[in-house]
Structures are given as C-alpha cells and as structure tokens.
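Reproduced below: protein.cif, with mmCIF, C-alpha atoms.
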data_target
loop_
_atom_site.label_atom_id
_atom_site.label_comp_id
_atom_site.auth_asym_id
_atom_site.auth_seq_id
_atom_site.Cartn_x
_atom_site.Cartn_y
_atom_site.Cartn_z
CA MET O 1 -41.26 -36.88 29.16
CA PRO O 2 -41.71 -38.77 25.87
CA HIS O 3 -40.25 -42.22 25.28
CA PRO O 4 -37.09 -42.26 23.09
CA ALA O 5 -39.04 -44.30 20.53
CA VAL O 6 -40.77 -41.09 19.36
CA LEU O 7 -37.57 -40.28 17.45
CA LEU O 8 -38.33 -43.16 15.07
CA TRP O 9 -40.98 -41.01 13.43
CA GLY O 10 -39.75 -37.63 14.64
CA LEU O 11 -36.47 -37.81 12.71
CA PRO O 12 -38.03 -38.45 9.27
CA LEU O 13 -40.50 -35.61 9.84
CA ALA O 14 -37.66 -33.29 10.85
CA PHE O 15 -35.81 -34.23 7.65
CA LEU O 16 -38.94 -33.49 5.58
CA ALA O 17 -39.42 -30.16 7.37
CA GLY O 18 -35.82 -29.20 6.65
CA PHE O 19 -36.22 -30.04 2.97
CA ILE O 20 -39.40 -28.01 2.62
CA ASP O 21 -38.10 -25.07 4.64
CA ALA O 22 -34.91 -24.80 2.58
CA VAL O 23 -36.94 -24.55 -0.63
CA ALA O 24 -39.91 -22.40 0.31
CA GLY O 25 -40.09 -21.87 4.07
CA GLY O 26 -42.78 -23.24 6.37
CA GLY O 27 -40.81 -26.06 7.99
CA GLY O 28 -42.04 -25.03 11.42
CA THR O 29 -45.58 -25.98 10.42
CA ILE O 30 -44.33 -29.59 10.52
CA THR O 31 -41.81 -29.62 13.37
CA LEU O 32 -43.83 -27.75 15.99
CA PRO O 33 -46.94 -30.00 15.75
CA THR O 34 -44.57 -33.00 15.72
CA LEU O 35 -43.07 -31.91 19.04
CA PHE O 36 -46.56 -31.44 20.50
CA LEU O 37 -47.56 -34.94 19.35
CA MET O 38 -44.44 -36.32 21.03
CA GLY O 39 -45.93 -35.15 24.31
CA LEU O 40 -43.92 -32.01 25.01
CA SER O 41 -45.57 -29.12 26.82
CA PRO O 42 -46.10 -25.91 24.81
CA ALA O 43 -43.11 -24.23 26.49
CA HIS O 44 -40.80 -27.20 25.86
CA ALA O 45 -42.06 -27.65 22.30
CA VAL O 46 -41.52 -24.01 21.29
CA ALA O 47 -38.05 -23.89 22.85
CA THR O 48 -36.97 -27.24 21.38
CA ASN O 49 -38.30 -26.22 17.98
CA LYS O 50 -35.92 -23.24 17.97
CA LEU O 51 -33.05 -25.56 18.85
CA LEU O 52 -33.62 -27.79 15.85
CA ALA O 53 -34.52 -24.84 13.59
CA ILE O 54 -31.06 -23.29 13.86
CA PHE O 55 -29.60 -26.50 12.41
CA GLY O 56 -31.89 -26.48 9.39
CA SER O 57 -31.80 -22.75 8.68
CA GLY O 58 -28.03 -22.71 9.24
CA SER O 59 -27.50 -25.58 6.81
CA ALA O 60 -29.67 -23.95 4.14
CA THR O 61 -28.02 -20.55 4.62
CA TRP O 62 -24.57 -22.09 4.21
CA GLN O 63 -25.55 -23.85 0.98
CA TYR O 64 -27.24 -20.82 -0.58
CA GLY O 65 -24.40 -18.55 0.52
CA ARG O 66 -21.71 -20.78 -1.00
CA ALA O 67 -23.57 -20.76 -4.31
CA GLY O 68 -23.91 -16.96 -4.33
CA HIS O 69 -27.69 -16.91 -3.87
CA ILE O 70 -27.65 -14.55 -0.87
CA ASP O 71 -27.32 -10.80 -1.36
CA ARG O 72 -25.14 -10.03 1.66
CA PRO O 73 -25.23 -6.20 1.48
CA LEU O 74 -29.03 -6.19 1.65
CA VAL O 75 -29.44 -9.08 4.09
CA LEU O 76 -26.94 -7.63 6.59
CA ARG O 77 -28.98 -4.41 6.65
CA LEU O 78 -32.21 -6.28 7.28
CA ILE O 79 -31.11 -8.75 9.96
CA PRO O 80 -30.95 -6.18 12.82
CA LEU O 81 -34.48 -4.98 12.03
CA ALA O 82 -35.79 -8.53 11.85
CA LEU O 83 -34.21 -9.28 15.24
CA ILE O 84 -35.68 -6.13 16.80
CA GLY O 85 -39.08 -6.97 15.33
CA SER O 86 -38.92 -10.54 16.60
CA ALA O 87 -38.10 -9.37 20.13
CA LEU O 88 -40.93 -6.83 19.96
CA GLY O 89 -43.35 -9.49 18.75
CA ALA O 90 -42.37 -11.83 21.60
CA TYR O 91 -42.97 -8.96 24.03
CA LEU O 92 -46.38 -8.18 22.54
CA VAL O 93 -47.52 -11.77 23.09
CA HIS O 94 -48.04 -10.80 26.75
CA PHE O 95 -50.50 -8.04 25.81
CA VAL O 96 -52.15 -9.21 22.60
CA ASP O 97 -54.02 -12.45 21.96
CA PRO O 98 -52.29 -13.94 18.88
CA ASN O 99 -55.39 -16.00 18.10
CA VAL O 100 -57.15 -12.80 17.02
CA PHE O 101 -54.75 -12.48 14.10
CA ARG O 102 -54.65 -16.10 12.93
CA THR O 103 -57.57 -15.91 10.51
CA LEU O 104 -56.44 -12.54 9.14
CA VAL O 105 -52.89 -13.77 8.54
CA ALA O 106 -54.20 -16.97 6.92
CA VAL O 107 -56.25 -14.87 4.48
CA VAL O 108 -53.28 -12.60 3.77
CA ILE O 109 -50.91 -15.48 3.07
CA LEU O 110 -53.45 -17.14 0.77
CA GLY O 111 -53.71 -13.85 -1.10
CA VAL O 112 -49.93 -13.70 -1.38
CA GLY O 113 -49.88 -17.23 -2.78
CA ALA O 114 -52.60 -16.39 -5.29
CA LEU O 115 -50.63 -13.37 -6.54
CA VAL O 116 -47.52 -15.51 -7.01
CA ILE O 117 -49.37 -18.19 -8.97
CA VAL O 118 -51.64 -15.96 -11.07
CA ASN O 119 -48.70 -13.85 -12.23
CA ARG O 120 -46.94 -16.53 -14.26
CA ARG O 121 -43.63 -14.66 -14.54
CA PHE O 122 -43.50 -13.56 -10.91
CA GLY O 123 -40.28 -14.71 -9.28
CA LEU O 124 -38.92 -16.49 -12.34
CA GLU O 125 -36.62 -13.73 -13.57
CA ASP O 126 -34.03 -11.83 -11.55
CA ARG O 127 -34.69 -8.09 -11.86
CA TYR O 128 -33.00 -6.94 -8.66
CA ALA O 129 -31.46 -3.50 -9.29
CA GLY O 130 -29.26 -3.28 -6.19
CA LEU O 131 -29.53 -1.19 -3.03
CA THR O 132 -31.71 1.54 -4.48
CA PRO O 133 -33.81 3.85 -2.26
CA LYS O 134 -36.93 2.08 -3.55
CA VAL O 135 -35.60 -1.33 -2.50
CA LEU O 136 -34.62 -0.09 0.96
CA ALA O 137 -37.97 1.68 1.41
CA ALA O 138 -39.74 -1.65 0.87
CA THR O 139 -37.42 -4.09 2.62
CA LEU O 140 -36.41 -2.20 5.78
CA PRO O 141 -39.94 -1.79 7.19
CA GLY O 142 -40.89 -5.14 5.67
CA ALA O 143 -38.16 -6.94 7.65
CA LEU O 144 -39.26 -5.17 10.83
CA PHE O 145 -42.94 -6.08 10.42
CA ILE O 146 -42.20 -9.68 9.45
CA GLY O 147 -39.90 -9.90 12.47
CA VAL O 148 -42.76 -8.76 14.70
CA TYR O 149 -44.96 -11.43 13.14
CA ASP O 150 -42.26 -14.05 13.75
CA GLY O 151 -42.13 -13.20 17.44
CA LEU O 152 -45.91 -12.96 17.78
CA LEU O 153 -47.06 -16.01 15.78
CA GLY O 154 -44.31 -17.48 13.60
CA PRO O 155 -45.75 -19.91 10.99
CA GLY O 156 -44.94 -18.72 7.47
CA THR O 157 -42.25 -16.19 8.38
CA GLY O 158 -39.92 -17.52 5.70
CA THR O 159 -42.77 -17.54 3.19
CA PHE O 160 -43.50 -13.87 3.82
CA LEU O 161 -39.80 -13.02 3.57
CA MET O 162 -39.56 -14.76 0.20
CA PHE O 163 -42.49 -12.72 -1.09
CA LEU O 164 -40.85 -9.51 0.15
CA PHE O 165 -37.61 -10.30 -1.68
CA ALA O 166 -39.43 -11.33 -4.84
CA LEU O 167 -41.35 -8.04 -4.80
CA VAL O 168 -38.11 -6.07 -5.05
CA GLY O 169 -36.90 -8.08 -8.03
CA PHE O 170 -35.18 -11.25 -6.85
CA ASN O 171 -36.11 -14.51 -8.53
CA LEU O 172 -37.59 -17.03 -6.11
CA LEU O 173 -34.35 -18.99 -5.84
CA ARG O 174 -32.41 -15.96 -4.59
CA ALA O 175 -35.43 -14.85 -2.56
CA SER O 176 -35.31 -18.22 -0.81
CA GLY O 177 -31.59 -17.83 -0.08
CA ASN O 178 -32.07 -14.35 1.38
CA ALA O 179 -35.05 -15.50 3.44
CA ARG O 180 -33.11 -18.43 4.89
CA ALA O 181 -30.28 -16.12 5.99
CA ILE O 182 -32.65 -13.82 7.88
CA ASN O 183 -34.52 -16.80 9.31
CA PHE O 184 -31.25 -18.20 10.62
CA ALA O 185 -30.50 -14.93 12.41
CA THR O 186 -33.94 -14.73 14.01
CA ASN O 187 -33.85 -18.43 14.95
CA LEU O 188 -30.45 -17.93 16.56
CA GLY O 189 -31.72 -14.95 18.54
CA ALA O 190 -34.75 -16.91 19.73
CA PHE O 191 -32.54 -19.93 20.52
CA LEU O 192 -30.34 -17.85 22.84
CA PHE O 193 -33.43 -16.41 24.53
CA PHE O 194 -35.00 -19.83 25.13
CA LEU O 195 -31.67 -21.35 26.14
CA LEU O 196 -31.61 -19.03 29.15
CA GLY O 197 -35.09 -20.23 30.06
CA GLY O 198 -33.94 -23.84 30.41
CA GLN O 199 -36.95 -25.27 28.52
CA MET O 200 -35.13 -27.11 25.71
CA VAL O 201 -35.25 -30.90 25.52
CA PHE O 202 -31.80 -31.55 24.10
CA TRP O 203 -32.09 -35.31 23.60
CA ILE O 204 -34.95 -34.60 21.18
CA GLY O 205 -33.80 -31.29 19.71
CA LEU O 206 -30.23 -32.26 18.83
CA PRO O 207 -30.94 -35.43 16.78
CA MET O 208 -33.96 -33.80 15.16
CA GLY O 209 -31.80 -30.76 14.45
CA LEU O 210 -29.26 -32.92 12.62
CA ALA O 211 -32.07 -34.53 10.61
CA ASN O 212 -33.46 -31.08 9.87
CA ALA O 213 -30.03 -29.91 8.68
CA ALA O 214 -29.70 -32.94 6.41
CA GLY O 215 -33.13 -32.24 4.90
CA ALA O 216 -32.21 -28.58 4.42
CA TYR O 217 -28.98 -29.61 2.66
CA VAL O 218 -30.91 -31.77 0.19
CA GLY O 219 -33.67 -29.16 -0.23
CA ALA O 220 -31.27 -26.31 -0.96
CA HIS O 221 -29.41 -28.41 -3.53
CA MET O 222 -32.69 -29.46 -5.15
CA ALA O 223 -33.84 -25.83 -5.36
CA MET O 224 -30.57 -24.74 -6.95
CA LEU O 225 -30.65 -27.69 -9.35
CA ARG O 226 -34.28 -27.21 -10.45
CA GLY O 227 -34.40 -23.39 -10.32
CA SER O 228 -37.06 -20.80 -9.58
CA ALA O 229 -39.89 -22.62 -11.36
CA PHE O 230 -39.55 -25.56 -8.95
CA VAL O 231 -39.35 -23.19 -5.97
CA LYS O 232 -42.49 -21.41 -7.17
CA TRP O 233 -44.66 -24.52 -7.13
CA MET O 234 -43.24 -25.63 -3.80
CA TYR O 235 -44.03 -22.13 -2.54
CA ALA O 236 -47.67 -22.51 -3.59
CA GLY O 237 -47.96 -25.76 -1.64
CA ILE O 238 -46.36 -24.24 1.45
CA VAL O 239 -48.80 -21.32 1.36
CA LEU O 240 -51.67 -23.80 1.68
CA LEU O 241 -49.88 -25.69 4.46
CA VAL O 242 -49.19 -22.52 6.46
CA ALA O 243 -52.78 -21.27 6.03
CA ALA O 244 -54.12 -24.62 7.24
CA ARG O 245 -51.73 -24.52 10.22
CA LEU O 246 -53.02 -21.08 11.19
CA LEU O 247 -56.69 -21.97 10.81
CA ILE O 248 -56.61 -25.48 12.33
CA ARG O 249 -54.98 -25.61 15.75
#

In structure tokens, how does this file's structure come out?
Amino acid sequence: MPHPAVLLWGLPLAFLAGFIDAVAGGGGTITLPTLFLMGLSPAHAVATNKLLAIFGSGSATWQYGRAGHIDRPLVLRLIPLALIGSALGAYLVHFVDPNVFRTLVAVVILGVGALVIVNRRFGLEDRYAGLTPKVLAATLPGALFIGVYDGLLGPGTGTFLMFLFALVGFNLLRASGNARAINFATNLGAFLFFLLGGQMVFWIGLPMGLANAAGAYVGAHMAMLRGSAFVKWMYAGIVLLVAARLLIR
C-alpha cells in the first residue's frame, strides 16, 4: 500500500481534476493515472477512482442544479438508459478487448472537438426546444451508447455527453450541467458495484474525494460566471487531454 505522503501531491491533483471535470468533463484522465502512480493496483485504482468521482460529480451537479442549468425532465429520462448502458459496457469488458477501440475513440473525440471549434457559434446560444420527438430520438439512444462506452472504457464520457446535449440545442454551460447530472448517476451506480467488491482504498479515496468536490465547486462557479465561451475553450483542451489519455497508456 502507498505511503500516506502520496496525498501531498494527490490532493492538489484531485482538486484540479474536479475543477476541470465540472467545466468540461475529463477529470478521470487526471485522477485515474494519479492513483496508478500512487502505487495502487488496477482494481484498487479503478474502484477508488469511482469513490472520489461521486464527490466531484455530486458537487458539480448540486451547483448547476441550484442555478437552474440542468434540464430535469430530459435528464431524468436519460439516466436509466445511461445506467443500463454502463452496466452493459462493464459486462462486455469480459468479452471484448477495450484496447481495440482506443484509437478509434481517440479519433472520434478529436473530430468532435474539431467540429465544436470550427463552428464558432456552436454551443454559445441556447436553442433547446424542449422534449420534442427529435430531441428524444437523438438523446435516448445517445445516452445508452455513451453509457456503454463509460462501462467499457470511460475516459471522456462527460465530454461526449456535453456534445450530445449541445447537438440538441443546449448552450455549452447547460450542456455541462446536464452532463454532470448523468455522470453523477453513472458514478454512483459504479460506486455501489465496486463497493460490494471491497477494492476501495478509503483512506485515499475519501480525502481525494473531498478535494475533488472542492475543485468541482470552484469549477462550476467559474463556468457559470464566465459562460459558454469559457466552457467552449476548456472543452477544446479537454478533448486533447482525453485523446492523449486514450492513445498513451
């Protein structure tokens, strides 16, 4: 087991991950490698990462929800599909080599980032028309497929969710709020699953979780203060970070 001194650098990194994740997703690309570098085994690192992730995603969801940046009627319809997809993805890990998909997903997420940046107005204006058949036709299967990806691989799940919400008309600020709410639900589901497995290292996960929540609190407030333009440029940076995480193991 790692020495307690690893928290001296683990806590600041958890705070940074929470900040980034609350704005544009992708916090797991920082926390999971951090847990590996601390000396945790893959099983302990993945389980402990879910423990600290529920703190950060829960903090961000609370802040966005209080400010009215989460569309509850839509999100509540998507959460069950995301949970089902996540469970299915975790099941498929036993039959499919996730490494086969890493390069493909990295290319896809870079393409998503390019579309967001090239289209200068994308995600800056709120054009969401409500629960129309067109919106449901895009988001229901989208939540299921992204949930499968979350269970199978994971890095960039929040980033893909933000793109899905922006496609149906949300500005990137509200897209971030919606994505955090769904991420919280999937993180909670995974947390309960891993809790039963007894692999979590609580003396690392709990303090890092609190640091992650503090970072998420600051990140959500910064996003709401600076608006969708700020979120958009943070999003572009996270796309590069997630792609690098997928390509470089």

Just give me the gap between CA of Phe191 (chain O) and CA of Lys50 (chain O) in Å, one decimal is fine.
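Those two atoms sit 5.4 Å apart.
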
All residues 8 Å or closer to Leu52 (chain O), all atoms listed in the file, same chain fewer than 5 positions away omitted, as JSON, numbers by chain:
{"O": [205, 206, 208, 209, 210, 212]}

Given the PyMOL selection byres ((chain O and resi 7-15) around 10), the residues it picks as a PDB file with C-alpha atoms, keeping the file's coordinate frame:
ATOM      1  CA  PRO O   2     -41.710 -38.770  25.870  1.00  0.00           C
ATOM      2  CA  HIS O   3     -40.250 -42.220  25.280  1.00  0.00           C
ATOM      3  CA  PRO O   4     -37.090 -42.260  23.090  1.00  0.00           C
ATOM      4  CA  ALA O   5     -39.040 -44.300  20.530  1.00  0.00           C
ATOM      5  CA  VAL O   6     -40.770 -41.090  19.360  1.00  0.00           C
ATOM      6  CA  LEU O  16     -38.940 -33.490   5.580  1.00  0.00           C
ATOM      7  CA  ALA O  17     -39.420 -30.160   7.370  1.00  0.00           C
ATOM      8  CA  GLY O  18     -35.820 -29.200   6.650  1.00  0.00           C
ATOM      9  CA  PHE O  19     -36.220 -30.040   2.970  1.00  0.00           C
ATOM     10  CA  ILE O  20     -39.400 -28.010   2.620  1.00  0.00           C
ATOM     11  CA  ASP O  21     -38.100 -25.070   4.640  1.00  0.00           C
ATOM     12  CA  GLY O  27     -40.810 -26.060   7.990  1.00  0.00           C
ATOM     13  CA  GLY O  28     -42.040 -25.030  11.420  1.00  0.00           C
ATOM     14  CA  ILE O  30     -44.330 -29.590  10.520  1.00  0.00           C
ATOM     15  CA  THR O  31     -41.810 -29.620  13.370  1.00  0.00           C
ATOM     16  CA  LEU O  32     -43.830 -27.750  15.990  1.00  0.00           C
ATOM     17  CA  THR O  34     -44.570 -33.000  15.720  1.00  0.00           C
ATOM     18  CA  LEU O  35     -43.070 -31.910  19.040  1.00  0.00           C
ATOM     19  CA  LEU O  37     -47.560 -34.940  19.350  1.00  0.00           C
ATOM     20  CA  MET O  38     -44.440 -36.320  21.030  1.00  0.00           C
ATOM     21  CA  LEU O  52     -33.620 -27.790  15.850  1.00  0.00           C
ATOM     22  CA  ALA O  53     -34.520 -24.840  13.590  1.00  0.00           C
ATOM     23  CA  GLY O  56     -31.890 -26.480   9.390  1.00  0.00           C
ATOM     24  CA  TRP O 203     -32.090 -35.310  23.600  1.00  0.00           C
ATOM     25  CA  ILE O 204     -34.950 -34.600  21.180  1.00  0.00           C
ATOM     26  CA  GLY O 205     -33.800 -31.290  19.710  1.00  0.00           C
ATOM     27  CA  PRO O 207     -30.940 -35.430  16.780  1.00  0.00           C
ATOM     28  CA  MET O 208     -33.960 -33.800  15.160  1.00  0.00           C
ATOM     29  CA  GLY O 209     -31.800 -30.760  14.450  1.00  0.00           C
ATOM     30  CA  LEU O 210     -29.260 -32.920  12.620  1.00  0.00           C
ATOM     31  CA  ALA O 211     -32.070 -34.530  10.610  1.00  0.00           C
ATOM     32  CA  ASN O 212     -33.460 -31.080   9.870  1.00  0.00           C
ATOM     33  CA  ALA O 213     -30.030 -29.910   8.680  1.00  0.00           C
ATOM     34  CA  ALA O 214     -29.700 -32.940   6.410  1.00  0.00           C
ATOM     35  CA  GLY O 215     -33.130 -32.240   4.900  1.00  0.00           C
ATOM     36  CA  ALA O 216     -32.210 -28.580   4.420  1.00  0.00           C
ATOM     37  CA  TYR O 217     -28.980 -29.610   2.660  1.00  0.00           C
ATOM     38  CA  VAL O 218     -30.910 -31.770   0.190  1.00  0.00           C
ATOM     39  CA  GLY O 219     -33.670 -29.160  -0.230  1.00  0.00           C
TER      40      GLY O 219
END

Any idea what's packed within 7 Å of Leu246 (chain O), counting only C-alpha atoms, ignoring anything in its chain fewer than 2 positions away? Could you give it as an MDAnalysis selection string?
chainID O and resid 102:103 106 242:244 248:249

Do you know which residues are at most 9 Å from Ala143 (chain O) counting all atoms listed in the file, after dropping those on the same chain fewer than 5 positions away, and could you put them as a list in words?
Leu78, Ile79, Pro80, Leu81, Ala82, Leu83, Gly85, Ala138, Val148, Leu161, Leu164 and Ile182 of chain O

Nearest-residue call for Thr29 (chain O), choices O:Asn119, O:Gln63, O:Thr159, O:Thr139, using all atoms listed in the file
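Comparing O:Asn119, O:Gln63, O:Thr159, O:Thr139 against Thr29 (chain O), the winner is O:Thr159.
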
List the neighbours of Val135 (chain O) out to 12 Å using all atoms listed in the file; skip same-chain residues closer than 2 positions along the sequence, and give me the result as a ChimeraX atom specification.
/O:74-75,77-78,127-133,137-143,164-170

One number please: CA of Leu241 (chain O) to CA of Asn49 (chain O), in Å, one decimal.
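Atom-to-atom, CA of Leu241 (chain O) to CA of Asn49 (chain O), that is 17.8 Å.
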
Report, in Å with one decimal, the straight-line distance from CA of Ile238 (chain O) to CA of Phe95 (chain O).
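These two atoms are separated by 29.5 Å.
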
Could you please give me, as a PDB file with C-alpha atoms, in the frame of the given file, the residues of protein, DNA or RNA lying at most 6 Å from (-38.8, -17.7, -0.8) in the coordinate frame of the file, considering only C-alpha atoms?
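Once everything was written out, this is out-v8.pdb:
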ATOM      1  CA  ALA O  24     -39.910 -22.400   0.310  1.00  0.00           C
ATOM      2  CA  THR O 159     -42.770 -17.540   3.190  1.00  0.00           C
ATOM      3  CA  MET O 162     -39.560 -14.760   0.200  1.00  0.00           C
ATOM      4  CA  LEU O 172     -37.590 -17.030  -6.110  1.00  0.00           C
ATOM      5  CA  ALA O 175     -35.430 -14.850  -2.560  1.00  0.00           C
ATOM      6  CA  SER O 176     -35.310 -18.220  -0.810  1.00  0.00           C
TER       7      SER O 176
END

Given only C-alpha atoms as the counted atoms, nearest of O:Ala45, O:Phe163, O:Met200, O:Asp150 to Val112 (chain O)
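Ranking O:Ala45, O:Phe163, O:Met200, O:Asp150 by distance to Val112 (chain O), first place goes to O:Phe163.
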
Please write as a PyMOL selection string the full residue list that the PyMOL selection byres ((chain O and resi 233) around 12) yields on this file.
chain O and resi 20+23-24+113-114+116-118+120+122-124+172-173+223+226-232+234-240

Looking at all atoms listed in the file, which of O:Ile84, O:Leu115, O:Leu188, O:Leu92 is the one that sits closest to Leu152 (chain O)?
O:Leu92

How big is the axis-aligned box around the listed atoms of region 193-204 of chain O once 4 Å is added on each side, and where is its centre? Give both in Å to one decimal, as AutoDock Vina command-line options.
--center_x -34.3 --center_y -25.9 --center_z 25.8 --size_x 13.3 --size_y 26.9 --size_z 17.2

Any chance you could resolve the PyMOL selection byres ((chain O and resi 90) around 12) against this file and give the residues as number ranges by chain?
O: 83-89, 91-98, 147-154, 186, 189-190, 193-194

Only N, CA and C atoms needed: put region 184-206 of chain O from the block into a file as a PDB file, in the first residue's frame.
ATOM      1  N   PHE O 184     -22.985  11.867 -12.543  1.00  0.00           N
ATOM      2  CA  PHE O 184     -23.143  11.562 -11.127  1.00  0.00           C
ATOM      3  C   PHE O 184     -23.917  10.256 -10.946  1.00  0.00           C
ATOM      4  N   ALA O 185     -24.975  10.087 -11.727  1.00  0.00           N
ATOM      5  CA  ALA O 185     -25.782   8.869 -11.617  1.00  0.00           C
ATOM      6  C   ALA O 185     -24.970   7.635 -11.995  1.00  0.00           C
ATOM      7  N   THR O 186     -24.210   7.709 -13.080  1.00  0.00           N
ATOM      8  CA  THR O 186     -23.422   6.550 -13.501  1.00  0.00           C
ATOM      9  C   THR O 186     -22.273   6.292 -12.523  1.00  0.00           C
ATOM     10  N   ASN O 187     -21.667   7.364 -12.000  1.00  0.00           N
ATOM     11  CA  ASN O 187     -20.612   7.183 -10.995  1.00  0.00           C
ATOM     12  C   ASN O 187     -21.159   6.530  -9.740  1.00  0.00           C
ATOM     13  N   LEU O 188     -22.365   6.938  -9.334  1.00  0.00           N
ATOM     14  CA  LEU O 188     -22.980   6.359  -8.143  1.00  0.00           C
ATOM     15  C   LEU O 188     -23.274   4.874  -8.347  1.00  0.00           C
ATOM     16  N   GLY O 189     -23.787   4.537  -9.538  1.00  0.00           N
ATOM     17  CA  GLY O 189     -24.048   3.133  -9.838  1.00  0.00           C
ATOM     18  C   GLY O 189     -22.773   2.304  -9.803  1.00  0.00           C
ATOM     19  N   ALA O 190     -21.701   2.838 -10.417  1.00  0.00           N
ATOM     20  CA  ALA O 190     -20.421   2.123 -10.412  1.00  0.00           C
ATOM     21  C   ALA O 190     -19.843   2.042  -9.002  1.00  0.00           C
ATOM     22  N   PHE O 191     -20.023   3.119  -8.215  1.00  0.00           N
ATOM     23  CA  PHE O 191     -19.541   3.121  -6.826  1.00  0.00           C
ATOM     24  C   PHE O 191     -20.169   1.990  -6.021  1.00  0.00           C
ATOM     25  N   LEU O 192     -21.480   1.827  -6.146  1.00  0.00           N
ATOM     26  CA  LEU O 192     -22.173   0.766  -5.406  1.00  0.00           C
ATOM     27  C   LEU O 192     -21.692  -0.611  -5.844  1.00  0.00           C
ATOM     28  N   PHE O 193     -21.438  -0.760  -7.152  1.00  0.00           N
ATOM     29  CA  PHE O 193     -20.943  -2.036  -7.678  1.00  0.00           C
ATOM     30  C   PHE O 193     -19.566  -2.354  -7.103  1.00  0.00           C
ATOM     31  N   PHE O 194     -18.657  -1.367  -7.143  1.00  0.00           N
ATOM     32  CA  PHE O 194     -17.299  -1.599  -6.655  1.00  0.00           C
ATOM     33  C   PHE O 194     -17.251  -1.701  -5.136  1.00  0.00           C
ATOM     34  N   LEU O 195     -18.187  -1.039  -4.458  1.00  0.00           N
ATOM     35  CA  LEU O 195     -18.226  -1.126  -3.002  1.00  0.00           C
ATOM     36  C   LEU O 195     -18.424  -2.565  -2.558  1.00  0.00           C
ATOM     37  N   LEU O 196     -19.272  -3.285  -3.272  1.00  0.00           N
ATOM     38  CA  LEU O 196     -19.522  -4.691  -2.943  1.00  0.00           C
ATOM     39  C   LEU O 196     -18.293  -5.551  -3.173  1.00  0.00           C
ATOM     40  N   GLY O 197     -17.423  -5.091  -4.076  1.00  0.00           N
ATOM     41  CA  GLY O 197     -16.212  -5.857  -4.376  1.00  0.00           C
ATOM     42  C   GLY O 197     -15.110  -5.682  -3.348  1.00  0.00           C
ATOM     43  N   GLY O 198     -15.233  -4.680  -2.485  1.00  0.00           N
ATOM     44  CA  GLY O 198     -14.256  -4.482  -1.417  1.00  0.00           C
ATOM     45  C   GLY O 198     -12.882  -4.038  -1.884  1.00  0.00           C
ATOM     46  N   GLN O 199     -12.791  -3.345  -3.031  1.00  0.00           N
ATOM     47  CA  GLN O 199     -11.500  -2.950  -3.589  1.00  0.00           C
ATOM     48  C   GLN O 199     -11.136  -1.501  -3.304  1.00  0.00           C
ATOM     49  N   MET O 200     -12.017  -0.738  -2.680  1.00  0.00           N
ATOM     50  CA  MET O 200     -11.764   0.695  -2.485  1.00  0.00           C
ATOM     51  C   MET O 200     -10.765   0.940  -1.352  1.00  0.00           C
ATOM     52  N   VAL O 201      -9.873   1.889  -1.585  1.00  0.00           N
ATOM     53  CA  VAL O 201      -8.913   2.315  -0.566  1.00  0.00           C
ATOM     54  C   VAL O 201      -9.456   3.612   0.018  1.00  0.00           C
ATOM     55  N   PHE O 202     -10.164   3.505   1.131  1.00  0.00           N
ATOM     56  CA  PHE O 202     -10.915   4.645   1.646  1.00  0.00           C
ATOM     57  C   PHE O 202     -10.025   5.759   2.171  1.00  0.00           C
ATOM     58  N   TRP O 203      -8.871   5.424   2.738  1.00  0.00           N
ATOM     59  CA  TRP O 203      -8.032   6.484   3.295  1.00  0.00           C
ATOM     60  C   TRP O 203      -7.430   7.363   2.201  1.00  0.00           C
ATOM     61  N   ILE O 204      -7.436   6.874   0.965  1.00  0.00           N
ATOM     62  CA  ILE O 204      -7.034   7.695  -0.180  1.00  0.00           C
ATOM     63  C   ILE O 204      -8.258   8.318  -0.849  1.00  0.00           C
ATOM     64  N   GLY O 205      -9.282   7.517  -1.064  1.00  0.00           N
ATOM     65  CA  GLY O 205     -10.446   7.979  -1.817  1.00  0.00           C
ATOM     66  C   GLY O 205     -11.251   9.057  -1.131  1.00  0.00           C
ATOM     67  N   LEU O 206     -11.398   8.988   0.194  1.00  0.00           N
ATOM     68  CA  LEU O 206     -12.214   9.982   0.890  1.00  0.00           C
ATOM     69  C   LEU O 206     -11.581  11.372   0.894  1.00  0.00           C
TER      70      LEU O 206
END
